[in-house]
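Structure, as structure tokens:
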Number of protein chains: 2
Amino acid sequence: MSEKTIPYKIYLEEQEMPKQWYNVRADMKNKPAPLLNPATHQPMTFEELRPVFCDELIHQELDDTTPYIDIPQEIQDFYKMYRPSPLVRAYCLEKKLQTPAKIYYKFEGNNTSGSHKLNSAIAQAYYAKKQGLKGVTTETGAGQWGTALSMACAYLELDCQVYMVKVSYEQKPFRREVMRTYGAKVTPSPSDTTNVGRKILAEHPGTTGSLGCAISEAVEAATTQEGYRYVLGSVLNQVLLHQSVIGLEAKAAMDKYGIVPDVIIGCAGGGSNLGGLISPFMGEKLRGERDYRFIAVEPASCPSFTRGKFAYDFCDTGMVCPLAKMYTLGSGFIPSANHAGGLRYHGMSSVLSQLYHDGLMEAVSVEQTSVFQAAEAFARVEGILPAPESSHAIKVAMDEAIKCRETGEEKTILFGLTGTGYFDMVAYEKYNNGEMSDYIPTDEDLQKGFDGIPRFPGNEF
Amino acid sequence: MSEKTIPYKIYLEEQEMPKQWYNVRADMKNKPAPLLNPATHQPMTFEELRPVFCDELIHQELDDTTPYIDIPQEIQDFYKMYRPSPLVRAYCLEKKLQTPAKIYYKFEGNNTSGSHKLNSAIAQAYYAKKQGLKGVTTETGAGQWGTALSMACAYLELDCQVYMVKVSYEQKPFRREVMRTYGAKVTPSPSDTTNVGRKILAEHPGTTGSLGCAISEAVEAATTQEGYRYVLGSVLNQVLLHQSVIGLEAKAAMDKYGIVPDVIIGCAGGGSNLGGLISPFMGEKLRGERDYRFIAVEPASCPSFTRGKFAYDFCDTGMVCPLAKMYTLGSGFIPSANHAGGLRYHGMSSVLSQLYHDGLMEAVSVEQTSVFQAAEAFARVEGILPAPESSHAIKVAMDEAIKCRETGEEKTILFGLTGTGYFDMVAYEKYNNGEMSDYIPTDEDLQKGFDGIPRFPGNEF
């Protein structure tokens, strides 16, 4: 480390912000497996993907050789509205933990979407606009991704149609209203606006919806309206590419002060944040330039990496999307209702899955009461009330720092603080009232999910 | 303006952050009138204030001659956790409005309290801690101030007791849970924990509470528990002093780029944000160094400046606090239930009242549907979903920028964006559903409030 005094927050200058995204696939020896057509089990072609996704985004999705891709000026300008995000030195947390470790976090919550999701939302909306489309469709659960997309579309004057899981639409109206304030059309799913929605409503009149159903409705809405495409907030390669801005900024800020992290930690749901944060560091590791430890943190109630299978599976519960090779609990796996917050996805980014499979990254699962304990301790000393998702990374970062206290090692820890918990107060209330409990699926629970993974030659697991 | 390109966001370096607060009273020729003892109508003495307020804060309250007061290192360190706040160039808003005006805003919402309130909360909590107190008490309505105080107390490990208006406690539980997460004891007011609370409950069993009642309970709790004092989030001179950090940072950032604002705009409830933002600029005006236009923006439904009386009045509806000379609608004035968001206070900072009375500042009132229109337009182009309070300033800043479009003047406009609207989605929902309306009190409505202002020799109005 240099002799410069490290400030509490490192902000890059505007001119130091990344002008290109970094595509970690270009440096991977073992490339992530391609998406497969679920009918033919052959790799999805550009033409097959065109009805669903924007052309430029398909190119990005399929490109595993180009290491750097220019960020269009219009997206750079949008980034300037809420980026660079600060790289924070957690002096107060270090003091609280009495650790010799140096803890840094890259904080992505200082924007109205409340998370890193905006980094990819603006990119996807931009390419849709550039292609001359009228609008985009998507699904959202609690509403973080839907909010980000609404903001991006409002900025570009693009129509935005969000299918929001009905139970969230009704019981968590605040993010819905943020989306509406940004001009999005928010429809509770299942709805009578699509065939698939009507079918589900006829079969299950009282259903409160699911993410799988909302995806199916959003895809149908995109493919049946002239001038619309479907967009997705995580899992896809293109999303990790856009999210690399997180890691690139973090690395530039660290380089500026001569800081080198020993261990890099992120929460993992679909992988967009973790993949974005680690990308440029992983690139160095893949090229043999420098070694780092990477830790993916997932909830014990939805343990894709630590207890899932590495296999081709559907990305959605409706089984309309292509097959992706990933660590999966089975597209039919549903996390316990007890589980608060996000990170509920059954699968995982193919990029991260391959890196984990190749031993380039570790994974650990944590239980939710310990996550909220960490969140509360963090909030009280660092001031920021974290999202439950982000708090998974906080928990493991604190554990690593405590280990350093015990061993005396002065490790440098970097973790991703993906967002704020302002719309998660129902979960915090449960925790504050001592009503939160943990749930770990049994092997039998998981087996039911695995039984739903498609079997075909080449998909042994 | 210099030739330097102005970035979207100007962040001061840590070492450029203010090390002293600026006390605008020192430069005022006509000092704000002193607080009076409501029984004797004599100026409140240090000893009379001691049972209620911390000693050091009383010194700050009464000091109208010292221009600069050191910010203790511990408070500076806390400020570094969430400050400097960005000074933002509203390029996108300028483009949207097609105005030649240059618009800047100082954004105070990037912290978990969601507003500027934290600037004074940490100062007040710090002096309480330094005095060896066990804790502090306060009241809160929707919870913004209570949240800020909870965060400051959690950081300093000081007990925090918040009396929250019962209707907000029950109907707006999210800020309550943020406070609880920060370890505060939140009591719905009126409660059976105080004499005044029990009395009100006995007289009005079904009451949902009021800010006036909550203040009375908080003051009683402070004065009847060993080692406690009462703290307040606005109106007082000490609060304006602490909030001067907003204006000092804004001015330093502007000076760095050679930017000189022509007009400075802020919303005004009790005056803490506006007073803090304008202080150093007003100092220059008072010293005859440079002229600026200052505009206070208040809701048409609670028009203290534009339709109130300049007189001594009670600061609280319970009439237990000292009398302050200010623009007031009468301590019994209650804004229409129709009014969404804050800025509901019947009175106004004595400092700002004197400046307005002396013609050094303008004031304007705006109706709430136009405020939400401005908020929505701002959110869509600038990305930030503003608090309803802050949106009053946005509305007038936009009006000024539109005037520049008409006249061709390239004015530089600075306004205070005090906070985010994430906990105000009920009001936004009302607006989104077209269910919001305006309310302007009649002269007869106002007269009822004026009738409650105490009459005594020297308090003619």
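Residue numbering restarts at 1 for every chain of the structure tokens, chains are lettered A, B, ... in their displayed order, and ligands are numbered from 1 as they appear.
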
So which residues touch segment 196-212 of chain A within 6 Å, counting only C-alpha atoms, skipping near sequence neighbours fewer than 5 positions away, as a short mmCIF file (atom, residue, chain, number, x, y, z; two decimals) with C-alpha atoms, in the first residue's frame?
data_model
loop_
_atom_site.label_atom_id
_atom_site.label_comp_id
_atom_site.auth_asym_id
_atom_site.auth_seq_id
_atom_site.Cartn_x
_atom_site.Cartn_y
_atom_site.Cartn_z
CA VAL A 165 -45.75 -10.75 -9.11
CA LYS A 166 -49.28 -10.10 -7.82
CA VAL A 167 -48.52 -10.66 -4.16
CA SER A 189 -49.15 -11.06 -12.72
CA PRO A 190 -50.90 -13.32 -13.58
CA SER A 191 -53.07 -10.94 -15.59
CA ASP A 316 -37.46 -19.75 -15.86
CA THR A 317 -40.05 -21.83 -14.07
CA GLY A 318 -42.37 -21.52 -17.09
#

Alpha helix (DSSP H) residues, from DSSP on the backbone, in segment 200-321 of chain A, as a PyMOL selection string: chain A and resi 200-203+211-224+237-256+272-286+304-307

Contact set, chain A to chain B: 8 Å, only C-alpha atoms, as a PyMOL selection string: chain A and resi 7-9+11+14+80-82+110-112+151+154-155+174+177-178+180-182+376+379-385+422-423+425-426+428-429+432

Convert the current residue selection to file output with C-alpha atoms, as a PDB file, in the first residue's frame.
ATOM      1  CA  PRO A   7     -10.050   8.726   2.670  1.00  0.00           C
ATOM      2  CA  TYR A   8     -13.328   7.303   3.957  1.00  0.00           C
ATOM      3  CA  LYS A   9     -14.708   7.390   0.457  1.00  0.00           C
ATOM      4  CA  TYR A  11     -14.681   8.802  -5.741  1.00  0.00           C
ATOM      5  CA  GLU A  14     -15.525  11.855 -14.016  1.00  0.00           C
ATOM      6  CA  LYS A  80     -22.461  10.235 -14.709  1.00  0.00           C
ATOM      7  CA  MET A  81     -25.810  11.028 -13.105  1.00  0.00           C
ATOM      8  CA  TYR A  82     -25.321   8.445 -10.359  1.00  0.00           C
ATOM      9  CA  ASN A 110     -26.931   5.662  -3.978  1.00  0.00           C
ATOM     10  CA  ASN A 111     -29.504   5.888  -6.720  1.00  0.00           C
ATOM     11  CA  THR A 112     -33.273   5.751  -6.726  1.00  0.00           C
ATOM     12  CA  MET A 151     -35.849   4.890 -14.589  1.00  0.00           C
ATOM     13  CA  ALA A 154     -38.175   7.316 -18.528  1.00  0.00           C
ATOM     14  CA  TYR A 155     -34.811   8.897 -19.321  1.00  0.00           C
ATOM     15  CA  PHE A 174     -44.153   1.341  -2.717  1.00  0.00           C
ATOM     16  CA  GLU A 177     -45.474   3.492  -7.127  1.00  0.00           C
ATOM     17  CA  VAL A 178     -41.847   4.384  -7.807  1.00  0.00           C
ATOM     18  CA  ARG A 180     -45.422   4.332 -11.922  1.00  0.00           C
ATOM     19  CA  THR A 181     -43.856   7.678 -11.054  1.00  0.00           C
ATOM     20  CA  TYR A 182     -41.263   6.883 -13.710  1.00  0.00           C
ATOM     21  CA  GLU A 376     -27.855  -4.342  11.912  1.00  0.00           C
ATOM     22  CA  ALA A 379     -25.923  -0.123   9.806  1.00  0.00           C
ATOM     23  CA  ARG A 380     -25.135   1.105  13.291  1.00  0.00           C
ATOM     24  CA  VAL A 381     -21.453   1.789  12.643  1.00  0.00           C
ATOM     25  CA  GLU A 382     -21.314   2.528   8.927  1.00  0.00           C
ATOM     26  CA  GLY A 383     -24.576   4.459   8.731  1.00  0.00           C
ATOM     27  CA  ILE A 384     -26.010   2.658   5.702  1.00  0.00           C
ATOM     28  CA  LEU A 385     -29.047   0.424   6.129  1.00  0.00           C
ATOM     29  CA  TYR A 422     -35.340   1.040   2.433  1.00  0.00           C
ATOM     30  CA  PHE A 423     -38.008  -1.062   0.755  1.00  0.00           C
ATOM     31  CA  MET A 425     -38.525  -2.862   6.191  1.00  0.00           C
ATOM     32  CA  VAL A 426     -41.082  -5.647   6.508  1.00  0.00           C
ATOM     33  CA  TYR A 428     -36.322  -5.815   9.200  1.00  0.00           C
ATOM     34  CA  GLU A 429     -39.496  -5.515  11.293  1.00  0.00           C
ATOM     35  CA  ASN A 432     -36.545  -6.487  15.122  1.00  0.00           C
TER      36      ASN A 432
END

Residue neighbourhood Gly359 of chain B, 12 Å, only C-alpha atoms, exclusion window fewer than 5 positions, as an MDAnalysis selection string: chainID B and resid 30 285:286 293:295 305 352:354

Nearest to Ala340 of chain B by atom-to-atom distance, counting only C-alpha atoms, from B:Cys315, B:Ala324, B:Ala387, B:Cys54: B:Ala387

Which of segment 87-263 of chain A fall in strand (DSSP E), as a PDB file with N, CA and C atoms, in the first residue's frame:
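See out_4.pdb below for the written result:
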ATOM      1  N   LEU A  87     -16.113   3.982  -3.438  1.00  0.00           N
ATOM      2  CA  LEU A  87     -15.430   2.861  -2.788  1.00  0.00           C
ATOM      3  C   LEU A  87     -15.176   3.331  -1.362  1.00  0.00           C
ATOM      4  N   VAL A  88     -15.770   2.645  -0.413  1.00  0.00           N
ATOM      5  CA  VAL A  88     -15.744   3.128   0.965  1.00  0.00           C
ATOM      6  C   VAL A  88     -14.759   2.323   1.809  1.00  0.00           C
ATOM      7  N   ARG A  89     -13.934   3.010   2.554  1.00  0.00           N
ATOM      8  CA  ARG A  89     -13.091   2.338   3.546  1.00  0.00           C
ATOM      9  C   ARG A  89     -13.903   2.257   4.830  1.00  0.00           C
ATOM     10  N   LYS A 102      -8.189  -4.628   6.621  1.00  0.00           N
ATOM     11  CA  LYS A 102      -8.640  -3.380   5.996  1.00  0.00           C
ATOM     12  C   LYS A 102      -9.844  -3.724   5.132  1.00  0.00           C
ATOM     13  N   ILE A 103     -10.969  -3.114   5.465  1.00  0.00           N
ATOM     14  CA  ILE A 103     -12.216  -3.485   4.796  1.00  0.00           C
ATOM     15  C   ILE A 103     -12.677  -2.354   3.873  1.00  0.00           C
ATOM     16  N   TYR A 104     -12.959  -2.724   2.640  1.00  0.00           N
ATOM     17  CA  TYR A 104     -13.503  -1.779   1.661  1.00  0.00           C
ATOM     18  C   TYR A 104     -14.807  -2.324   1.108  1.00  0.00           C
ATOM     19  N   TYR A 105     -15.726  -1.413   0.782  1.00  0.00           N
ATOM     20  CA  TYR A 105     -16.904  -1.872   0.042  1.00  0.00           C
ATOM     21  C   TYR A 105     -17.247  -0.902  -1.075  1.00  0.00           C
ATOM     22  N   LYS A 106     -17.702  -1.481  -2.152  1.00  0.00           N
ATOM     23  CA  LYS A 106     -18.150  -0.690  -3.295  1.00  0.00           C
ATOM     24  C   LYS A 106     -19.653  -0.551  -3.139  1.00  0.00           C
ATOM     25  N   PHE A 107     -20.112   0.690  -2.914  1.00  0.00           N
ATOM     26  CA  PHE A 107     -21.515   0.920  -2.561  1.00  0.00           C
ATOM     27  C   PHE A 107     -22.321   1.353  -3.782  1.00  0.00           C
ATOM     28  N   GLY A 135     -40.675  -0.125 -27.079  1.00  0.00           N
ATOM     29  CA  GLY A 135     -40.590  -0.347 -25.637  1.00  0.00           C
ATOM     30  C   GLY A 135     -40.021  -1.706 -25.297  1.00  0.00           C
ATOM     31  N   VAL A 136     -39.945  -1.949 -24.011  1.00  0.00           N
ATOM     32  CA  VAL A 136     -39.437  -3.218 -23.496  1.00  0.00           C
ATOM     33  C   VAL A 136     -40.392  -3.765 -22.442  1.00  0.00           C
ATOM     34  N   THR A 137     -40.331  -5.073 -22.261  1.00  0.00           N
ATOM     35  CA  THR A 137     -41.131  -5.717 -21.213  1.00  0.00           C
ATOM     36  C   THR A 137     -40.183  -6.462 -20.272  1.00  0.00           C
ATOM     37  N   THR A 138     -40.619  -6.590 -19.049  1.00  0.00           N
ATOM     38  CA  THR A 138     -39.838  -7.372 -18.110  1.00  0.00           C
ATOM     39  C   THR A 138     -40.736  -7.842 -16.977  1.00  0.00           C
ATOM     40  N   GLU A 139     -40.146  -8.683 -16.108  1.00  0.00           N
ATOM     41  CA  GLU A 139     -40.874  -9.092 -14.912  1.00  0.00           C
ATOM     42  C   GLU A 139     -40.143  -8.517 -13.709  1.00  0.00           C
ATOM     43  N   THR A 140     -40.814  -8.437 -12.594  1.00  0.00           N
ATOM     44  CA  THR A 140     -40.131  -8.046 -11.370  1.00  0.00           C
ATOM     45  C   THR A 140     -40.830  -8.701 -10.193  1.00  0.00           C
ATOM     46  N   ASP A 159     -41.184   3.105 -23.865  1.00  0.00           N
ATOM     47  CA  ASP A 159     -42.275   2.502 -23.102  1.00  0.00           C
ATOM     48  C   ASP A 159     -41.744   1.332 -22.264  1.00  0.00           C
ATOM     49  N   CYS A 160     -42.271   1.201 -21.078  1.00  0.00           N
ATOM     50  CA  CYS A 160     -41.786   0.171 -20.155  1.00  0.00           C
ATOM     51  C   CYS A 160     -42.974  -0.569 -19.552  1.00  0.00           C
ATOM     52  N   GLN A 161     -43.037  -1.862 -19.789  1.00  0.00           N
ATOM     53  CA  GLN A 161     -44.135  -2.676 -19.276  1.00  0.00           C
ATOM     54  C   GLN A 161     -43.574  -3.708 -18.303  1.00  0.00           C
ATOM     55  N   VAL A 162     -44.030  -3.622 -17.087  1.00  0.00           N
ATOM     56  CA  VAL A 162     -43.483  -4.485 -16.042  1.00  0.00           C
ATOM     57  C   VAL A 162     -44.570  -5.420 -15.516  1.00  0.00           C
ATOM     58  N   TYR A 163     -44.304  -6.713 -15.567  1.00  0.00           N
ATOM     59  CA  TYR A 163     -45.200  -7.690 -14.946  1.00  0.00           C
ATOM     60  C   TYR A 163     -44.673  -7.967 -13.543  1.00  0.00           C
ATOM     61  N   MET A 164     -45.471  -7.559 -12.568  1.00  0.00           N
ATOM     62  CA  MET A 164     -45.018  -7.647 -11.172  1.00  0.00           C
ATOM     63  C   MET A 164     -45.815  -8.743 -10.478  1.00  0.00           C
ATOM     64  N   VAL A 165     -45.103  -9.647  -9.822  1.00  0.00           N
ATOM     65  CA  VAL A 165     -45.754 -10.748  -9.108  1.00  0.00           C
ATOM     66  C   VAL A 165     -46.881 -10.177  -8.234  1.00  0.00           C
ATOM     67  N   LYS A 185     -45.778   1.038 -17.015  1.00  0.00           N
ATOM     68  CA  LYS A 185     -47.073   0.386 -16.879  1.00  0.00           C
ATOM     69  C   LYS A 185     -46.826  -0.886 -16.070  1.00  0.00           C
ATOM     70  N   VAL A 186     -47.373  -0.933 -14.877  1.00  0.00           N
ATOM     71  CA  VAL A 186     -47.121  -2.069 -13.992  1.00  0.00           C
ATOM     72  C   VAL A 186     -48.383  -2.918 -13.907  1.00  0.00           C
ATOM     73  N   THR A 187     -48.258  -4.190 -14.287  1.00  0.00           N
ATOM     74  CA  THR A 187     -49.405  -5.091 -14.315  1.00  0.00           C
ATOM     75  C   THR A 187     -49.184  -6.213 -13.310  1.00  0.00           C
ATOM     76  N   PRO A 188     -50.173  -6.432 -12.439  1.00  0.00           N
ATOM     77  CA  PRO A 188     -50.025  -7.563 -11.516  1.00  0.00           C
ATOM     78  C   PRO A 188     -50.115  -8.874 -12.290  1.00  0.00           C
ATOM     79  N   SER A 189     -49.211  -9.789 -11.986  1.00  0.00           N
ATOM     80  CA  SER A 189     -49.146 -11.058 -12.723  1.00  0.00           C
ATOM     81  C   SER A 189     -49.509 -12.218 -11.804  1.00  0.00           C
ATOM     82  N   TYR A 228     -41.493  -4.397 -29.617  1.00  0.00           N
ATOM     83  CA  TYR A 228     -41.112  -4.626 -28.208  1.00  0.00           C
ATOM     84  C   TYR A 228     -40.113  -5.765 -28.105  1.00  0.00           C
ATOM     85  N   ARG A 229     -39.274  -5.725 -27.096  1.00  0.00           N
ATOM     86  CA  ARG A 229     -38.399  -6.843 -26.771  1.00  0.00           C
ATOM     87  C   ARG A 229     -38.421  -7.047 -25.260  1.00  0.00           C
ATOM     88  N   TYR A 230     -37.945  -8.225 -24.867  1.00  0.00           N
ATOM     89  CA  TYR A 230     -37.906  -8.598 -23.465  1.00  0.00           C
ATOM     90  C   TYR A 230     -36.511  -8.306 -22.903  1.00  0.00           C
ATOM     91  N   VAL A 263      -9.013 -10.606  -0.742  1.00  0.00           N
ATOM     92  CA  VAL A 263     -10.215 -11.401  -0.911  1.00  0.00           C
ATOM     93  C   VAL A 263     -11.359 -10.486  -1.345  1.00  0.00           C
TER      94      VAL A 263
END

Exercise: segment 64-73 of chain A partners within 6 Å, only C-alpha atoms, chain neighbours under 6 positions left out, as a PyMOL selection string: chain A and resi 19-23+25-26

Shortest interatomic distance to Glu400 of chain A - which of A:Met326, A:Glu94, A:Ala128, A:Leu360, counting only C-alpha atoms: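 Going through A:Met326, A:Glu94, A:Ala128, A:Leu360 one by one, the smallest distance to Glu400 of chain A is for A:Glu94.
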